[in-house]
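So this block is coords_33.csv, CSV, C-alpha atoms:
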```
chain,number,residue,atom,x,y,z
A,66,MET,CA,73.0,10.0,-81.3
A,67,ALA,CA,72.4,6.9,-79.1
A,68,THR,CA,72.7,4.6,-82.2
A,69,GLU,CA,76.3,5.7,-82.7
A,70,THR,CA,77.3,4.5,-79.2
A,71,ASP,CA,78.7,1.0,-78.9
A,72,TYR,CA,75.8,-1.3,-77.8
A,73,TYR,CA,78.1,-3.2,-75.4
A,74,GLU,CA,79.2,0.0,-73.8
A,75,LEU,CA,75.6,1.1,-73.4
A,76,LEU,CA,74.7,-2.1,-71.5
A,77,GLU,CA,78.0,-2.0,-69.6
A,78,VAL,CA,79.1,-5.5,-70.6
A,79,SER,CA,82.0,-7.0,-72.5
A,80,LYS,CA,81.8,-8.2,-76.1
A,81,THR,CA,82.2,-11.8,-74.8
A,82,ALA,CA,79.3,-11.5,-72.3
A,83,SER,CA,76.8,-14.3,-72.3
A,84,GLY,CA,73.1,-13.9,-73.2
A,85,GLU,CA,72.2,-14.2,-69.5
A,86,GLU,CA,74.8,-11.5,-68.5
A,87,ILE,CA,73.5,-9.2,-71.2
A,88,LYS,CA,69.9,-9.7,-70.0
A,89,LYS,CA,70.8,-9.1,-66.4
A,90,ALA,CA,72.7,-5.9,-67.2
A,91,TYR,CA,69.8,-4.7,-69.3
A,92,ARG,CA,67.3,-5.2,-66.6
A,93,LYS,CA,69.4,-3.4,-64.1
A,94,LEU,CA,69.8,-0.3,-66.4
A,95,ALA,CA,66.2,-0.4,-67.5
A,96,MET,CA,65.0,-0.2,-63.9
A,97,LYS,CA,67.4,2.6,-63.3
A,98,TYR,CA,66.4,4.8,-66.3
A,99,HIS,CA,62.8,3.9,-66.7
A,100,PRO,CA,60.7,7.1,-67.2
A,101,ASP,CA,58.4,6.2,-64.3
A,102,ARG,CA,61.3,6.4,-62.0
A,103,ASN,CA,62.7,9.6,-63.6
A,104,PRO,CA,59.7,11.8,-64.4
A,105,GLY,CA,60.6,14.8,-66.5
A,106,ASP,CA,64.2,13.7,-66.9
A,107,LYS,CA,64.9,13.9,-70.7
A,108,GLU,CA,68.4,12.6,-70.3
A,109,ALA,CA,67.1,9.5,-68.5
A,110,GLU,CA,64.4,9.0,-71.1
A,111,ASN,CA,67.0,9.1,-74.0
A,112,LYS,CA,69.2,6.7,-72.1
A,113,PHE,CA,66.3,4.4,-71.6
A,114,LYS,CA,65.5,4.4,-75.3
A,115,ALA,CA,69.2,3.7,-76.1
A,116,ILE,CA,69.6,0.7,-73.9
A,117,ASN,CA,66.4,-0.7,-75.2
A,118,GLN,CA,67.7,-0.4,-78.7
A,119,ALA,CA,71.0,-2.0,-77.7
A,120,TYR,CA,69.3,-4.9,-75.9
A,121,ASP,CA,66.9,-5.5,-78.8
A,122,VAL,CA,70.0,-6.2,-81.0
A,123,LEU,CA,72.3,-8.1,-78.5
A,124,LYS,CA,69.6,-10.4,-77.2
A,125,ASP,CA,69.0,-11.8,-80.6
A,126,PRO,CA,71.9,-14.2,-81.7
A,127,GLN,CA,71.4,-13.4,-85.4
A,128,LYS,CA,71.3,-9.6,-84.9
A,129,ARG,CA,74.2,-9.8,-82.5
A,130,ALA,CA,76.3,-11.7,-85.0
A,131,ALA,CA,75.5,-9.1,-87.7
A,132,TYR,CA,76.3,-6.3,-85.3
A,133,ASP,CA,79.6,-7.8,-84.2
A,134,ARG,CA,80.7,-8.1,-87.9
A,135,TYR,CA,79.3,-4.9,-89.4
A,136,GLY,CA,78.5,-2.6,-86.4
A,137,HIS,CA,75.7,-0.2,-86.8
A,138,GLN,CA,75.9,-0.4,-90.6
A,139,ALA,CA,74.2,-3.8,-90.3
A,140,PHE,CA,71.0,-2.0,-89.5
A,141,ALA,CA,71.4,1.1,-91.6
A,142,ASN,CA,68.6,1.7,-94.1
A,143,GLY,CA,66.6,-1.1,-92.7
A,144,GLY,CA,69.3,-3.8,-92.5
A,145,MET,CA,68.3,-7.3,-91.4
A,146,GLY,CA,65.4,-7.5,-93.8
A,147,GLY,CA,65.5,-4.1,-95.6
A,148,GLY,CA,63.1,-1.3,-95.7
A,149,ASN,CA,63.0,-0.7,-91.9
A,150,PRO,CA,63.5,3.0,-91.2
A,151,PHE,CA,63.8,2.3,-87.4
A,152,ASN,CA,67.5,1.1,-87.4
A,153,GLY,CA,67.0,-2.5,-86.3
A,154,PHE,CA,63.9,-2.2,-84.2
A,155,ASP,CA,61.6,-5.0,-84.9
A,156,PHE,CA,57.9,-4.0,-84.4
A,157,ASN,CA,56.4,-7.4,-84.9
A,158,PHE,CA,54.9,-8.7,-81.6
A,159,GLY,CA,57.1,-11.8,-81.6
A,160,GLY,CA,60.1,-9.7,-80.4
A,161,GLY,CA,61.5,-6.2,-80.3
A,162,PHE,CA,59.5,-3.8,-78.0
A,163,SER,CA,57.1,-6.5,-77.0
A,164,ASP,CA,59.8,-8.6,-75.3
A,165,ILE,CA,61.7,-5.6,-74.1
A,166,PHE,CA,58.7,-4.2,-72.2
A,167,SER,CA,57.7,-7.6,-71.0
A,168,ASP,CA,61.1,-7.8,-69.3
A,169,ILE,CA,60.7,-4.4,-67.8
A,170,PHE,CA,57.2,-4.8,-66.5
A,171,SER,CA,58.0,-8.3,-65.1
A,172,ASP,CA,60.8,-6.6,-63.0
A,173,PHE,CA,58.4,-3.9,-61.7
A,174,MET,CA,55.6,-6.4,-60.9
A,175,GLY,CA,57.6,-8.8,-58.9
A,176,GLY,CA,61.3,-9.2,-59.7
A,177,GLY,CA,61.2,-10.9,-63.1
A,178,GLN,CA,58.3,-13.4,-62.8
A,179,ARG,CA,57.5,-13.7,-66.6
A,180,SER,CA,56.6,-17.3,-67.3
A,181,SER,CA,57.4,-19.2,-70.5
A,182,ALA,CA,58.7,-22.5,-71.6
A,183,GLN,CA,62.2,-21.0,-71.9
A,184,ASN,CA,62.0,-19.0,-68.7
A,185,TYR,CA,60.5,-21.3,-66.1
A,186,ALA,CA,62.7,-20.0,-63.3
A,187,GLN,CA,61.2,-17.1,-61.3
A,188,ASP,CA,63.3,-14.5,-59.5
A,189,GLY,CA,62.2,-13.5,-56.0
A,190,ALA,CA,60.6,-10.1,-55.5
A,191,ASP,CA,62.4,-7.2,-53.8
A,192,LEU,CA,61.2,-6.4,-50.3
A,193,ARG,CA,61.1,-3.1,-48.4
A,194,TYR,CA,61.5,-2.7,-44.6
A,195,ASN,CA,61.0,0.7,-42.8
A,196,LEU,CA,63.3,1.0,-39.8
A,197,GLU,CA,63.2,3.9,-37.3
A,198,ILE,CA,66.2,4.7,-35.1
A,199,THR,CA,67.0,7.4,-32.5
A,200,LEU,CA,69.4,10.2,-33.1
A,201,GLU,CA,71.8,8.7,-30.6
A,202,GLU,CA,71.8,5.4,-32.6
A,203,ALA,CA,72.4,7.4,-35.8
A,204,PHE,CA,75.4,9.0,-34.0
A,205,SER,CA,77.1,5.9,-32.8
A,206,GLY,CA,75.8,3.2,-35.2
A,207,VAL,CA,73.7,0.3,-34.2
A,208,GLU,CA,72.9,-3.3,-35.0
A,209,LYS,CA,69.2,-4.0,-35.2
A,210,GLU,CA,67.4,-7.3,-35.4
A,211,ILE,CA,64.4,-7.2,-37.8
A,212,LYS,CA,61.8,-9.8,-38.9
A,213,ILE,CA,61.0,-10.0,-42.5
A,214,PRO,CA,57.9,-11.8,-43.9
A,215,THR,CA,59.1,-13.7,-47.0
A,216,THR,CA,58.6,-16.8,-49.1
A,217,VAL,CA,60.9,-19.8,-49.5
A,218,PRO,CA,60.8,-22.6,-52.1
A,219,CYS,CA,58.7,-25.5,-51.1
A,220,GLU,CA,61.0,-28.5,-50.3
A,221,ASP,CA,58.3,-31.1,-50.9
A,222,CYS,CA,57.9,-30.1,-54.6
A,223,ASN,CA,61.2,-28.4,-55.3
A,224,GLY,CA,59.4,-25.2,-56.0
A,225,HIS,CA,57.3,-26.7,-58.9
A,226,GLY,CA,54.0,-26.8,-57.1
A,227,THR,CA,53.4,-30.4,-58.3
A,228,ALA,CA,52.6,-33.4,-56.2
A,229,ASP,CA,55.4,-35.5,-57.7
A,230,GLY,CA,58.0,-32.6,-57.4
A,231,LYS,CA,58.6,-32.5,-61.2
A,232,GLU,CA,58.2,-29.6,-63.6
A,233,ALA,CA,54.5,-28.9,-64.5
A,234,PRO,CA,53.7,-29.6,-68.1
A,235,ILE,CA,53.7,-26.7,-70.6
A,236,CYS,CA,50.3,-25.2,-71.2
A,237,PRO,CA,49.0,-26.5,-74.6
A,238,HIS,CA,46.9,-23.3,-75.1
A,239,CYS,CA,49.6,-20.7,-75.0
A,240,LYS,CA,52.6,-23.0,-75.6
A,241,GLY,CA,54.2,-21.8,-72.3
A,242,ARG,CA,54.0,-18.1,-73.0
A,243,GLY,CA,51.3,-17.4,-70.5
A,244,LYS,CA,49.5,-15.1,-73.0
A,245,ILE,CA,47.2,-15.5,-75.9
A,246,ARG,CA,47.5,-13.3,-79.0
A,247,THR,CA,44.7,-12.6,-81.3
A,248,GLN,CA,44.7,-10.4,-84.5
A,249,HIS,CA,41.8,-8.3,-85.7
A,250,GLY,CA,42.9,-6.6,-88.9
A,251,PHE,CA,45.9,-4.6,-88.1
A,252,MET,CA,45.3,-4.8,-84.4
A,253,ILE,CA,47.0,-7.5,-82.3
A,254,MET,CA,45.5,-8.1,-78.8
A,255,GLU,CA,47.4,-9.9,-76.1
A,256,THR,CA,45.5,-11.4,-73.1
A,257,THR,CA,46.4,-13.6,-70.2
A,258,CYS,CA,46.0,-17.3,-71.0
A,259,PRO,CA,42.7,-18.5,-69.3
A,260,ASN,CA,44.0,-22.1,-69.1
A,261,CYS,CA,47.2,-21.5,-67.1
A,262,HIS,CA,46.3,-18.0,-65.7
A,263,GLY,CA,49.5,-16.6,-67.1
A,264,GLU,CA,51.8,-19.2,-65.6
A,265,GLY,CA,52.8,-20.9,-68.8
A,266,ARG,CA,52.4,-24.3,-67.2
A,267,VAL,CA,49.5,-26.2,-65.7
A,268,VAL,CA,49.7,-27.9,-62.3
A,269,LYS,CA,47.2,-30.8,-62.5
A,270,ASN,CA,48.0,-32.4,-59.1
A,271,ALA,CA,49.1,-29.7,-56.7
A,272,CYS,CA,51.6,-30.2,-53.9
A,273,LYS,CA,49.7,-30.6,-50.6
A,274,LYS,CA,52.2,-28.5,-48.6
A,275,CYS,CA,52.2,-25.4,-50.8
A,276,HIS,CA,48.9,-25.9,-52.6
A,277,GLY,CA,50.5,-25.6,-56.0
A,278,GLU,CA,52.2,-22.2,-55.3
A,279,GLY,CA,55.7,-23.6,-55.2
A,280,VAL,CA,56.6,-21.5,-52.2
A,281,ILE,CA,55.9,-21.5,-48.5
A,282,HIS,CA,55.2,-18.2,-46.6
A,283,SER,CA,57.5,-17.8,-43.6
A,284,GLU,CA,59.4,-15.2,-41.6
A,285,LYS,CA,63.1,-14.7,-41.3
A,286,VAL,CA,65.2,-12.8,-38.8
A,287,LEU,CA,68.1,-10.6,-39.9
A,288,LYS,CA,70.6,-8.5,-38.1
A,289,VAL,CA,71.2,-5.2,-39.9
A,290,LYS,CA,74.2,-3.1,-39.1
A,291,ILE,CA,73.5,0.7,-39.3
A,292,PRO,CA,76.7,2.7,-39.8
A,293,ALA,CA,77.5,5.7,-37.5
A,294,GLY,CA,76.5,9.0,-39.1
A,295,VAL,CA,73.6,7.6,-41.2
A,296,GLU,CA,71.1,10.3,-42.1
A,297,ASP,CA,67.3,10.3,-42.3
A,298,ASN,CA,65.7,8.7,-45.4
A,299,THR,CA,68.8,6.7,-46.1
A,300,ARG,CA,68.2,3.5,-48.1
A,301,MET,CA,70.3,0.4,-47.5
A,302,ARG,CA,70.3,-2.5,-50.0
A,303,ILE,CA,70.9,-6.0,-48.7
A,304,ALA,CA,71.5,-8.2,-51.7
A,305,GLY,CA,69.8,-11.6,-51.8
A,306,GLU,CA,67.7,-11.1,-48.7
A,307,GLY,CA,64.4,-10.4,-50.5
A,308,GLN,CA,61.9,-13.2,-51.5
A,309,SER,CA,63.5,-16.4,-52.5
A,310,GLY,CA,63.7,-17.3,-56.2
A,311,ILE,CA,62.1,-20.6,-57.2
A,312,ARG,CA,63.1,-23.2,-59.8
A,313,GLY,CA,66.6,-21.8,-60.0
A,314,GLY,CA,65.6,-18.1,-60.0
A,315,GLU,CA,67.6,-15.5,-58.2
A,316,ASN,CA,66.6,-14.1,-54.8
A,317,GLY,CA,65.3,-10.6,-54.6
A,318,ASP,CA,67.0,-7.9,-52.6
A,319,LEU,CA,65.9,-6.3,-49.3
A,320,TYR,CA,65.8,-2.5,-49.1
A,321,VAL,CA,65.9,-1.0,-45.6
A,322,PHE,CA,64.6,2.6,-45.5
A,323,ILE,CA,65.9,4.3,-42.4
A,324,SER,CA,64.2,7.2,-40.6
A,325,VAL,CA,65.7,9.0,-37.7
A,326,LYS,CA,63.3,10.1,-34.9
A,327,GLU,CA,63.1,13.8,-34.0
A,328,HIS,CA,65.2,14.6,-30.8
A,329,GLU,CA,63.7,16.5,-27.9
A,330,LEU,CA,66.8,18.7,-27.6
A,331,PHE,CA,68.9,18.5,-30.7
A,332,MET,CA,68.1,19.5,-34.3
A,333,ARG,CA,70.2,18.0,-37.0
A,334,ASP,CA,71.5,19.5,-40.2
A,335,GLY,CA,73.8,17.1,-42.0
A,336,ALA,CA,76.7,16.5,-39.6
A,337,ASN,CA,75.9,19.6,-37.5
A,338,LEU,CA,73.7,19.8,-34.4
A,339,TYR,CA,71.8,22.7,-33.0
A,340,VAL,CA,70.5,23.1,-29.5
A,341,LYS,CA,68.6,26.0,-27.8
A,342,VAL,CA,69.7,26.6,-24.2
A,343,PRO,CA,67.8,29.0,-21.8
A,344,ILE,CA,70.0,31.1,-19.6
A,345,SER,CA,69.1,33.5,-16.8
A,346,MET,CA,69.1,37.2,-17.2
A,347,THR,CA,72.0,37.5,-14.7
A,348,CYS,CA,74.1,34.9,-16.5
A,349,ALA,CA,73.5,36.7,-19.8
A,350,ALA,CA,74.5,40.0,-18.2
A,351,LEU,CA,77.5,38.9,-16.1
A,352,GLY,CA,78.6,35.8,-18.0
A,353,GLY,CA,79.2,32.4,-16.5
A,354,LYS,CA,79.4,28.7,-17.3
A,355,ILE,CA,76.7,26.2,-17.9
A,356,GLU,CA,76.6,22.4,-18.6
A,357,ILE,CA,74.7,20.9,-21.5
A,358,PRO,CA,74.5,17.2,-22.7
A,359,ASP,CA,76.5,15.9,-25.6
A,360,ILE,CA,74.8,13.6,-28.1
A,361,ASN,CA,77.1,10.8,-26.9
A,362,GLY,CA,75.7,11.0,-23.4
A,363,GLU,CA,78.5,13.0,-21.8
A,364,LYS,CA,78.4,16.6,-20.5
A,365,ILE,CA,79.9,19.7,-22.1
A,366,GLU,CA,80.9,22.8,-20.2
A,367,VAL,CA,80.0,25.9,-22.1
A,368,GLU,CA,81.2,29.4,-21.3
A,369,VAL,CA,78.6,32.2,-21.6
A,370,PRO,CA,80.2,35.5,-22.5
A,371,ALA,CA,79.1,38.6,-20.5
A,372,GLY,CA,76.5,40.6,-22.3
A,373,THR,CA,75.1,37.6,-24.2
A,374,GLN,CA,71.9,38.4,-26.1
A,375,THR,CA,69.0,36.2,-27.1
A,376,ASP,CA,69.6,34.0,-30.2
A,377,GLN,CA,73.4,34.6,-29.9
A,378,GLN,CA,75.2,31.4,-31.0
A,379,LYS,CA,78.3,29.7,-29.9
A,380,ARG,CA,80.0,27.1,-32.1
A,381,LEU,CA,81.6,24.1,-30.5
A,382,SER,CA,83.8,22.4,-33.2
A,383,GLY,CA,83.8,18.6,-33.3
A,384,GLN,CA,80.9,18.2,-31.0
A,385,GLY,CA,78.2,17.4,-33.6
A,386,MET,CA,77.2,14.2,-35.4
A,387,THR,CA,79.5,11.5,-36.6
A,388,VAL,CA,80.4,11.9,-40.3
A,389,LEU,CA,79.4,8.8,-42.3
A,390,ARG,CA,82.4,6.5,-43.0
A,391,SER,CA,84.8,8.9,-41.2
A,392,ALA,CA,86.3,9.4,-37.7
A,393,LYS,CA,85.4,13.1,-37.9
A,394,ARG,CA,82.4,14.9,-36.3
A,395,GLY,CA,80.4,17.9,-37.3
A,396,ASP,CA,79.9,21.0,-35.1
A,397,LEU,CA,77.5,21.8,-32.3
A,398,PHE,CA,75.8,25.2,-32.4
A,399,VAL,CA,74.5,26.5,-29.0
A,400,LYS,CA,71.8,29.2,-29.3
A,401,PHE,CA,71.3,31.1,-26.1
A,402,ARG,CA,67.8,32.1,-25.1
A,403,VAL,CA,67.8,34.8,-22.3
A,404,GLU,CA,64.9,34.0,-20.0
A,405,THR,CA,63.0,36.8,-18.2
A,406,PRO,CA,62.3,35.9,-14.6
A,407,THR,CA,58.7,35.4,-13.5
A,408,ASN,CA,57.0,34.8,-10.1
A,409,LEU,CA,59.4,37.2,-8.3
A,410,THR,CA,59.5,37.5,-4.6
A,411,GLN,CA,59.1,40.9,-3.0
A,412,ARG,CA,62.8,41.1,-2.3
A,413,GLN,CA,63.7,40.3,-5.9
A,414,LYS,CA,61.3,43.0,-7.1
A,415,GLU,CA,63.0,45.5,-4.8
A,416,LEU,CA,66.5,44.6,-6.1
A,417,LEU,CA,65.4,44.8,-9.7
A,418,GLU,CA,63.8,48.2,-9.0
A,419,GLU,CA,67.0,49.4,-7.4
A,420,PHE,CA,68.9,48.1,-10.4
A,421,ARG,CA,66.6,50.0,-12.8
A,422,ASN,CA,67.1,53.2,-10.8
A,423,ILE,CA,70.8,53.0,-11.0
A,424,SER,CA,70.9,51.9,-14.7
A,425,LYS,CA,70.2,55.3,-16.2
A,426,ASP,CA,73.5,55.1,-18.2
A,427,GLU,CA,72.4,54.2,-21.7
A,428,ASN,CA,75.8,52.7,-22.4
A,429,CYS,CA,74.7,49.4,-20.8
A,430,GLN,CA,71.9,49.0,-23.4
A,431,PRO,CA,73.4,50.3,-26.7
A,432,GLU,CA,70.8,48.5,-28.9
A,433,ALA,CA,67.9,50.2,-27.0
A,434,LYS,CA,69.6,53.6,-27.2
A,435,SER,CA,70.1,53.2,-31.0
A,436,PHE,CA,66.4,52.3,-31.4
A,437,PHE,CA,65.0,55.2,-29.4
A,438,ASP,CA,67.4,57.6,-31.1
A,439,LYS,CA,65.9,56.6,-34.4
A,440,ILE,CA,62.4,57.2,-33.0
A,441,LYS,CA,63.4,60.7,-31.9
A,442,ASP,CA,64.8,61.5,-35.4
A,443,LEU,CA,61.6,60.2,-36.9
A,444,PHE,CA,59.3,62.5,-34.9
A,445,ALA,CA,61.7,65.4,-35.3
A,446,ALA,CA,61.6,65.1,-39.1
```
Structure re-expressed in structure tokens:
Amino acid sequence: MATETDYYELLEVSKTASGEEIKKAYRKLAMKYHPDRNPGDKEAENKFKAINQAYDVLKDPQKRAAYDRYGHQAFANGGMGGGNPFNGFDFNFGGGFSDIFSDIFSDFMGGGQRSSAQNYAQDGADLRYNLEITLEEAFSGVEKEIKIPTTVPCEDCNGHGTADGKEAPICPHCKGRGKIRTQHGFMIMETTCPNCHGEGRVVKNACKKCHGEGVIHSEKVLKVKIPAGVEDNTRMRIAGEGQSGIRGGENGDLYVFISVKEHELFMRDGANLYVKVPISMTCAALGGKIEIPDINGEKIEVEVPAGTQTDQQKRLSGQGMTVLRSAKRGDLFVKFRVETPTNLTQRQKELLEEFRNISKDENCQPEAKSFFDKIKDLFAA
């Protein structure tokens, strides 16, 4: 059971971790195992419940002290107050699941922007950028310059949104929580504070530069290095390059989603490349050599065996795509397509007619001979 697993191990922190370190580790794992991100995954759901239970205990100094001294027995049979059958989970709306899910949803809705008197700093939101590259760029790797719309803390007000650059006063209606709770019998309702609009603080005299937002909208230019061998739908995380945190909050991350354009000649499958090459009827019959382009821009000489049939493949080892984080390359598969000549001249028709007249020997077309032999057997049956 999840309750038998050490809470520090569940959150992947040491027993000496600070409250902020525990909170940061919890947020990371909660985002990873949240049911919305893992639909239908029962294992992820159980993991999500376990880390919530661990965080509910370790974020509370009193519960953590009891856990450090007595372990899970501190909460057995309703410990920490008695009579609680849920092993330490506190279902009053001043803590427990209420705070846990506030933490999670604040992450999903903008990178941790839950306002309160104790949590005045706001983390910047994560950003996404879609980047399209060519197959040649995916083969060799490339450095791209991208422009990202973002926000930066307002220098005039130090990110507080106030005209004097100082912290805005705590909202007297919600005491800095940003939410108002009302109880109707057994039901407890929670709504956004109408006085501060959920901010937890009230800006009376707004900064003229940012109009009270605390941030300035801007654009920054980044150089992104795409490694050789990158595949379609790859996601790259660039830490700290998302929206800027304000009032001491951490910057968000930038996620670059890479898509590779379809190539007019090559089709990719992992590290291997496939190319269809048309060859003449005479080349297929007699054999010969042809030149095809390599993905790196060079030319490759390919030998066509005599008697080559349509869709016959030839494998060229080490001529495919670059393998990610390796000096190796995949293979190139050349599929031959025998092309029947059209728009023949009179002389060409005469030569082909002559060829047909002298090609009565069925040994030169064994596949046709086998097929028509089966037809004869079918009608003879």
Exercise. From the list A:Asp125, A:Thr216, A:Arg134, A:Glu315, which residue is nearest Lys89 of chain A when using all atoms listed in the file?
Worked result: A:Glu315
Seminar exercise, completed: The distance between atom CA of Lys379 of chain A and atom CA of Asn298 of chain A is 29.0 Å
For this session: Would you mind reading off the distance between atom CA of Ile198 of chain A and atom CA of Lys326 of chain A, one decimal, in Å?
Result: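 These atoms are spaced 6.1 Å apart.
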Exercise. Can you list, as a list in words, every protein, DNA or RNA residue that comes within 10 Å of Ala233 of chain A when you count all atoms listed in the file, leaving out same-chain residues fewer than 6 positions away?
Worked result: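 With the cut-off at 10 Å, the set is Tyr185, His225, Gly226, Thr227, Gly265, Arg266, Val267, Val268, Lys269, Asn270, Ala271 and Gly277 of chain A.
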Problem set entry | Residue among A:Asn195, A:Val289, A:Met252, A:Val367 lying closest to Ile355 of chain A, counting all atoms listed in the file |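 When distances to Ile355 of chain A are compared using all atoms listed in the file, the smallest one comes from A:Val367.
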Problem set entry | Residue among A:Asn316, A:Val122, A:Ile291, A:Glu264 lying closest to Val207 of chain A, counting only C-alpha atoms | A:Ile291
Problem set entry | Close residues, Glu329 of chain A itself excluded, 10 Å, all atoms listed in the file, min 3 positions apart in chain, as a list of chain:residue names |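 Final neighbour list, sorted by chain and number: A:Leu200, A:Lys326, A:Met332, A:Val340.
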Selected residues written out, C-alpha atoms, as a PDB file, in the frame of the given file:
```pdb
ATOM      1  CA  LEU A 200      69.400  10.200 -33.100  1.00  0.00           C
ATOM      2  CA  LYS A 326      63.300  10.100 -34.900  1.00  0.00           C
ATOM      3  CA  MET A 332      68.100  19.500 -34.300  1.00  0.00           C
ATOM      4  CA  VAL A 340      70.500  23.100 -29.500  1.00  0.00           C
TER       5      VAL A 340
END
```
Exercise. Any idea what the distance is between atom CA of His282 of chain A and atom CA of Pro214 of chain A?
Worked result: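 For atom CA of His282 of chain A relative to atom CA of Pro214 of chain A, the distance reads 7.5 Å.
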For this session: Rank A:Arg402, A:Asp221, A:Asp106, A:Pro343 by their smallest atom-to-atom distance to Ile281 of chain A, using all atoms listed in the file, and report the top residue only.
Result: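 The shortest atom-to-atom distance to Ile281 of chain A comes from A:Asp221.
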Shell of 12 Å around Val342 of chain A, all atoms listed in the file, local chain residues under 5 positions omitted, as a short mmCIF file (atom, residue, chain, number, x, y, z; two decimals) with C-alpha atoms, keeping the file's coordinate frame:
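Result file is selection-v4.cif:
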```cif
data_model
loop_
_atom_site.label_atom_id
_atom_site.label_comp_id
_atom_site.auth_asym_id
_atom_site.auth_seq_id
_atom_site.Cartn_x
_atom_site.Cartn_y
_atom_site.Cartn_z
CA LEU A 330 66.80 18.70 -27.60
CA PHE A 331 68.90 18.50 -30.70
CA ALA A 349 73.50 36.70 -19.80
CA ILE A 355 76.70 26.20 -17.90
CA GLU A 356 76.60 22.40 -18.60
CA ILE A 357 74.70 20.90 -21.50
CA PRO A 358 74.50 17.20 -22.70
CA VAL A 367 80.00 25.90 -22.10
CA VAL A 369 78.60 32.20 -21.60
CA THR A 375 69.00 36.20 -27.10
CA ASP A 376 69.60 34.00 -30.20
CA GLN A 377 73.40 34.60 -29.90
CA GLN A 378 75.20 31.40 -31.00
CA LYS A 379 78.30 29.70 -29.90
CA PHE A 398 75.80 25.20 -32.40
CA VAL A 399 74.50 26.50 -29.00
CA LYS A 400 71.80 29.20 -29.30
CA PHE A 401 71.30 31.10 -26.10
CA ARG A 402 67.80 32.10 -25.10
CA VAL A 403 67.80 34.80 -22.30
CA GLU A 404 64.90 34.00 -20.00
#
```
Problem set entry | Closest of A:Val280, A:Ala130, A:Ile440, A:Val78 to Gly310 of chain A - atom-to-atom distances counting only C-alpha atoms |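 Using only C-alpha atoms, Gly310 of chain A sits closest to A:Val280.
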Problem set entry | Closest of A:Leu338, A:Leu76, A:Ala109, A:Ile360 to Leu94 of chain A - atom-to-atom distances counting only C-alpha atoms |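 Under the stated criterion, the closest residue is A:Leu76.
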Problem set entry | Residue neighbourhood Arg394 of chain A, 7 Å, only C-alpha atoms, exclusion window fewer than 4 positions, as number ranges by chain | A: 336, 383-388
For this session: Name all residues at most 12 Å from Asp71 of chain A (count only C-alpha atoms; drop same-chain ones fewer than 5 positions away) and give them as a PyMOL selection string.
Result: chain A and resi 66+76-80+115-116+118-120+122-123+132-133+136-137
